[in-house]
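Worksheet: one structure, shown below.
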Amino acid sequence: MNSTAQNHAQDIPPEDPLDLQQVAVVIPMLNEEDSIGLVLDHLPGVGRVVVSDNGSTDEGPRIASEKGAVVVHQPERGYGAACLKGMEFLAGLENPPEIVVFLDGDFSDHPEEIDLLVSRIQRDGYEFVVGSRTLGQREKGAMLFQAIFGNRLACFLMWLFWGVRHTDLGPFRAIRYKSLTELQMTDRNFGWTIEMQIKAAERKLRTTEVPVSYRCRIGTSKISGTILGSIRAGYKILYTIFRYRFLPRSNYG
(Lines give C-alpha, C1' and ligand atoms only; values in the text may rest on other atoms or scores of the structure.)
Protein backbone atom coordinates (compact mmCIF):
# COMPACT_ATOMS: atom_id res chain seq x y z
CA MET A 1 0.00 0.00 0.00
CA ASN A 2 1.41 3.41 -0.95
CA SER A 3 1.63 6.20 1.59
CA THR A 4 -1.38 8.09 0.18
CA ALA A 5 -3.64 5.03 0.35
CA GLN A 6 -2.32 4.17 3.80
CA ASN A 7 -3.09 7.67 5.09
CA HIS A 8 -6.58 7.50 3.58
CA ALA A 9 -7.24 4.15 5.25
CA GLN A 10 -6.18 5.60 8.57
CA ASP A 11 -8.71 8.43 8.12
CA ILE A 12 -11.63 5.96 7.94
CA PRO A 13 -12.88 5.28 11.48
CA PRO A 14 -13.35 1.58 12.28
CA GLU A 15 -16.90 0.36 12.68
CA ASP A 16 -18.13 -0.01 16.22
CA PRO A 17 -18.16 -3.68 17.18
CA LEU A 18 -21.54 -5.32 17.49
CA ASP A 19 -22.73 -6.07 20.99
CA LEU A 20 -24.41 -9.44 20.53
CA GLN A 21 -24.76 -9.78 24.29
CA GLN A 22 -27.61 -7.30 23.99
CA VAL A 23 -29.43 -9.65 21.61
CA ALA A 24 -31.98 -12.32 22.49
CA VAL A 25 -32.92 -14.91 19.87
CA VAL A 26 -36.37 -16.52 19.85
CA ILE A 27 -36.71 -19.77 17.90
CA PRO A 28 -40.18 -21.36 17.52
CA MET A 29 -39.83 -25.12 17.23
CA LEU A 30 -42.10 -28.06 16.46
CA ASN A 31 -40.50 -31.51 16.06
CA GLU A 32 -37.13 -30.21 14.85
CA GLU A 33 -34.81 -32.76 16.50
CA ASP A 34 -32.80 -33.17 13.28
CA SER A 35 -32.16 -29.46 12.84
CA ILE A 36 -32.35 -27.51 16.10
CA GLY A 37 -28.87 -28.59 17.16
CA LEU A 38 -27.44 -27.30 13.86
CA VAL A 39 -29.25 -23.99 14.28
CA LEU A 40 -27.83 -23.51 17.77
CA ASP A 41 -24.33 -24.63 16.73
CA HIS A 42 -24.23 -22.00 13.96
CA LEU A 43 -25.62 -19.20 16.08
CA PRO A 44 -22.98 -16.65 17.21
CA GLY A 45 -22.61 -15.92 20.89
CA VAL A 46 -25.68 -13.86 21.74
CA GLY A 47 -26.93 -12.82 25.14
CA ARG A 48 -29.75 -15.32 25.33
CA VAL A 49 -31.41 -17.99 23.19
CA VAL A 50 -35.02 -18.94 23.82
CA VAL A 51 -36.42 -21.99 22.05
CA SER A 52 -40.21 -21.97 22.19
CA ASP A 53 -41.36 -25.56 21.93
CA ASN A 54 -44.74 -25.73 20.24
CA GLY A 55 -45.74 -29.18 21.46
CA SER A 56 -42.93 -31.32 20.07
CA THR A 57 -43.15 -35.08 20.45
CA ASP A 58 -39.51 -35.71 19.55
CA GLU A 59 -36.16 -35.00 21.22
CA GLY A 60 -35.93 -31.40 20.03
CA PRO A 61 -36.55 -29.78 23.44
CA ARG A 62 -33.91 -31.97 25.11
CA ILE A 63 -31.34 -31.22 22.40
CA ALA A 64 -32.01 -27.48 22.61
CA SER A 65 -31.63 -27.52 26.38
CA GLU A 66 -28.37 -29.47 26.19
CA LYS A 67 -27.07 -26.90 23.69
CA GLY A 68 -27.60 -24.15 26.25
CA ALA A 69 -30.90 -22.66 25.11
CA VAL A 70 -33.71 -21.76 27.47
CA VAL A 71 -36.65 -23.94 26.45
CA VAL A 72 -40.16 -22.66 27.10
CA HIS A 73 -43.24 -24.71 26.32
CA GLN A 74 -46.29 -23.60 24.39
CA PRO A 75 -48.61 -26.56 23.84
CA GLU A 76 -51.08 -24.43 21.86
CA ARG A 77 -50.11 -25.03 18.25
CA GLY A 78 -49.37 -21.98 16.15
CA TYR A 79 -46.30 -20.09 14.97
CA GLY A 80 -47.49 -16.87 16.52
CA ALA A 81 -48.40 -18.58 19.78
CA ALA A 82 -44.85 -19.94 20.03
CA CYS A 83 -43.32 -16.52 19.34
CA LEU A 84 -45.58 -14.89 21.91
CA LYS A 85 -44.50 -17.46 24.49
CA GLY A 86 -40.89 -16.54 23.85
CA MET A 87 -41.75 -12.87 24.27
CA GLU A 88 -43.53 -13.68 27.52
CA PHE A 89 -40.31 -15.16 28.85
CA LEU A 90 -38.31 -12.07 27.83
CA ALA A 91 -40.86 -9.82 29.53
CA GLY A 92 -40.13 -11.58 32.81
CA LEU A 93 -36.41 -10.83 32.73
CA GLU A 94 -34.96 -8.25 35.08
CA ASN A 95 -32.76 -6.94 32.26
CA PRO A 96 -34.55 -7.31 28.91
CA PRO A 97 -32.51 -7.36 25.69
CA GLU A 98 -31.93 -4.41 23.39
CA ILE A 99 -32.81 -6.43 20.29
CA VAL A 100 -34.88 -9.54 19.62
CA VAL A 101 -34.11 -11.75 16.64
CA PHE A 102 -36.58 -14.33 15.37
CA LEU A 103 -35.53 -17.25 13.18
CA ASP A 104 -36.82 -20.72 12.39
CA GLY A 105 -35.63 -23.95 13.93
CA ASP A 106 -35.51 -25.96 10.69
CA PHE A 107 -32.03 -24.73 9.60
CA SER A 108 -33.41 -23.03 6.48
CA ASP A 109 -32.14 -19.68 7.76
CA HIS A 110 -28.41 -19.10 8.20
CA PRO A 111 -27.98 -18.20 11.90
CA GLU A 112 -24.41 -17.01 11.33
CA GLU A 113 -25.83 -14.10 9.30
CA ILE A 114 -27.42 -12.58 12.40
CA ASP A 115 -24.84 -9.77 12.32
CA LEU A 116 -26.29 -8.57 8.98
CA LEU A 117 -29.55 -7.77 10.75
CA VAL A 118 -28.22 -6.61 14.11
CA SER A 119 -25.72 -4.22 12.54
CA ARG A 120 -28.49 -2.26 10.83
CA ILE A 121 -29.99 -1.59 14.26
CA GLN A 122 -26.89 -1.07 16.38
CA ARG A 123 -24.84 0.80 13.77
CA ASP A 124 -27.39 2.40 11.47
CA GLY A 125 -30.24 3.21 13.84
CA TYR A 126 -33.01 1.15 12.30
CA GLU A 127 -35.71 -0.21 14.58
CA PHE A 128 -36.89 -3.19 12.52
CA VAL A 129 -34.98 -5.29 9.97
CA VAL A 130 -36.42 -8.06 7.82
CA GLY A 131 -34.12 -10.65 6.32
CA SER A 132 -35.16 -10.91 2.68
CA ARG A 133 -34.82 -14.32 1.05
CA THR A 134 -35.89 -12.71 -2.22
CA LEU A 135 -32.92 -10.34 -2.26
CA GLY A 136 -30.45 -12.93 -0.96
CA GLN A 137 -29.00 -16.20 -2.21
CA ARG A 138 -31.66 -18.87 -2.23
CA GLU A 139 -30.99 -22.57 -2.69
CA LYS A 140 -32.98 -24.13 -5.52
CA GLY A 141 -36.25 -25.49 -4.19
CA ALA A 142 -35.93 -23.75 -0.83
CA MET A 143 -39.08 -21.71 -1.50
CA LEU A 144 -41.97 -23.36 -3.28
CA PHE A 145 -44.09 -21.57 -5.87
CA GLN A 146 -46.98 -20.98 -3.49
CA ALA A 147 -44.67 -19.32 -0.96
CA ILE A 148 -43.06 -17.08 -3.60
CA PHE A 149 -46.44 -16.05 -5.03
CA GLY A 150 -47.92 -15.44 -1.58
CA ASN A 151 -44.97 -13.28 -0.56
CA ARG A 152 -45.23 -11.16 -3.70
CA LEU A 153 -48.95 -10.65 -3.29
CA ALA A 154 -48.69 -9.75 0.40
CA CYS A 155 -45.83 -7.32 -0.23
CA PHE A 156 -47.75 -5.70 -3.08
CA LEU A 157 -50.79 -5.20 -0.84
CA MET A 158 -48.64 -3.68 1.91
CA TRP A 159 -47.27 -1.21 -0.61
CA LEU A 160 -50.78 -0.49 -1.93
CA PHE A 161 -52.40 0.04 1.48
CA TRP A 162 -49.55 1.37 3.64
CA GLY A 163 -46.99 2.66 1.16
CA VAL A 164 -44.16 0.49 2.50
CA ARG A 165 -41.91 -1.57 0.26
CA HIS A 166 -41.04 -5.10 1.30
CA THR A 167 -39.86 -8.03 -0.78
CA ASP A 168 -40.45 -10.80 1.74
CA LEU A 169 -42.28 -11.91 4.87
CA GLY A 170 -39.17 -13.80 5.94
CA PRO A 171 -39.07 -15.33 9.43
CA PHE A 172 -35.47 -14.18 10.01
CA ARG A 173 -35.93 -10.69 11.45
CA ALA A 174 -34.60 -8.37 14.13
CA ILE A 175 -36.39 -5.64 16.06
CA ARG A 176 -35.64 -3.40 19.01
CA TYR A 177 -37.23 -4.93 22.06
CA LYS A 178 -38.94 -1.67 23.04
CA SER A 179 -40.44 -1.34 19.56
CA LEU A 180 -41.58 -4.96 19.64
CA THR A 181 -43.48 -4.50 22.90
CA GLU A 182 -45.14 -1.36 21.53
CA LEU A 183 -46.49 -3.31 18.54
CA GLN A 184 -48.73 -5.32 20.91
CA MET A 185 -48.51 -8.45 18.80
CA THR A 186 -51.53 -10.76 19.00
CA ASP A 187 -51.59 -13.20 16.08
CA ARG A 188 -51.20 -16.79 17.20
CA ASN A 189 -50.58 -18.60 13.91
CA PHE A 190 -49.87 -17.85 10.24
CA GLY A 191 -50.44 -14.08 10.42
CA TRP A 192 -47.55 -13.35 12.78
CA THR A 193 -45.00 -12.04 10.27
CA ILE A 194 -47.41 -9.89 8.26
CA GLU A 195 -48.93 -8.47 11.46
CA MET A 196 -45.49 -7.32 12.59
CA GLN A 197 -44.75 -5.63 9.25
CA ILE A 198 -48.15 -3.94 9.07
CA LYS A 199 -47.94 -2.62 12.62
CA ALA A 200 -44.38 -1.43 12.05
CA ALA A 201 -45.64 0.52 9.04
CA GLU A 202 -48.55 1.99 10.95
CA ARG A 203 -46.28 3.09 13.78
CA LYS A 204 -43.71 4.40 11.29
CA LEU A 205 -40.84 2.38 12.67
CA ARG A 206 -37.58 2.96 10.82
CA THR A 207 -37.53 -0.26 8.81
CA THR A 208 -35.27 -1.86 6.24
CA GLU A 209 -34.48 -5.20 4.61
CA VAL A 210 -31.18 -7.02 4.21
CA PRO A 211 -30.46 -9.90 1.84
CA VAL A 212 -30.13 -13.22 3.66
CA SER A 213 -29.28 -16.71 2.47
CA TYR A 214 -31.92 -19.43 2.47
CA ARG A 215 -31.65 -23.18 1.99
CA CYS A 216 -33.95 -26.17 1.85
CA ARG A 217 -35.21 -26.86 5.33
CA ILE A 218 -34.58 -30.12 7.14
CA GLY A 219 -37.86 -32.02 7.19
CA THR A 220 -41.21 -30.98 5.71
CA SER A 221 -42.63 -27.50 6.13
CA LYS A 222 -45.73 -27.35 8.30
CA ILE A 223 -47.02 -24.51 6.12
CA SER A 224 -45.86 -24.37 2.49
CA GLY A 225 -44.91 -28.06 2.40
CA THR A 226 -48.55 -29.16 2.20
CA ILE A 227 -51.47 -27.97 0.07
CA LEU A 228 -53.72 -27.54 3.12
CA GLY A 229 -51.02 -25.66 5.00
CA SER A 230 -50.44 -23.33 2.06
CA ILE A 231 -54.16 -22.59 1.72
CA ARG A 232 -54.58 -21.91 5.42
CA ALA A 233 -51.50 -19.70 5.57
CA GLY A 234 -52.48 -17.77 2.44
CA TYR A 235 -55.98 -17.19 3.72
CA LYS A 236 -54.76 -15.99 7.11
CA ILE A 237 -52.20 -13.61 5.61
CA LEU A 238 -54.78 -12.03 3.29
CA TYR A 239 -57.34 -11.91 6.09
CA THR A 240 -54.84 -10.13 8.33
CA ILE A 241 -54.02 -7.56 5.65
CA PHE A 242 -57.65 -6.68 4.95
CA ARG A 243 -58.60 -6.74 8.62
CA TYR A 244 -55.93 -4.23 9.58
CA ARG A 245 -56.71 -2.07 6.57
CA PHE A 246 -60.50 -1.95 6.71
CA LEU A 247 -61.89 -3.00 10.11
CA PRO A 248 -62.23 -0.54 13.00
CA ARG A 249 -59.22 -0.78 15.27
CA SER A 250 -61.40 -1.58 18.30
CA ASN A 251 -62.25 -4.91 16.66
CA TYR A 252 -58.72 -6.28 17.00
CA GLY A 253 -56.65 -4.12 19.33
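The way I read the labels, and the way they are meant: chains A, B, ... in the order of the C-alpha coordinates, residue 1 as the first residue of every chain, and ligand 1 as the first ligand shown, with later ones counted on from there.
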
Inset, instruction - For A:Val26, work out the shell of residues within 7 Å, counting only C-alpha atoms and skipping chain neighbours fewer than 4 positions away, then give it as a PyMOL selection string. - result: chain A and resi 49-51+83+86+101-103

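Inside stretch 35-244 of chain A, the residues DSSP reads as strand (DSSP E) when given the backbone are Arg48, Val49, Val50, Val51, Ser52, Asp53, Val70, Val71, Val72, His73, Ile99, Val100, Val101, Phe102, Phe128, Val129, Val130, Gly131, Ser132, Arg173, Ala174, Ile175, Arg176, Thr207, Thr208, Glu209, Val210 and Pro211 of chain A.
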
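With only C-alpha atoms as the atoms that count, the minimum distance from A:Pro61 to the choices A:Gly191, A:Pro44, A:Gly37, A:Gly78 is reached by A:Gly37.
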
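A straight line drawn from atom CA of A:Gln74 to atom CA of A:Gly55 is 6.3 Å long.
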
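Using only C-alpha atoms, the shortest contact distance between A:Leu183 and any of A:Glu113, A:Glu88, A:Glu94, A:Glu195 is found at A:Glu195.
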
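Candidate residues A:Leu30, A:Leu180, A:Leu90, A:Val72 were compared for distance to A:Gly47, and the nearest is A:Leu90, using only C-alpha atoms.
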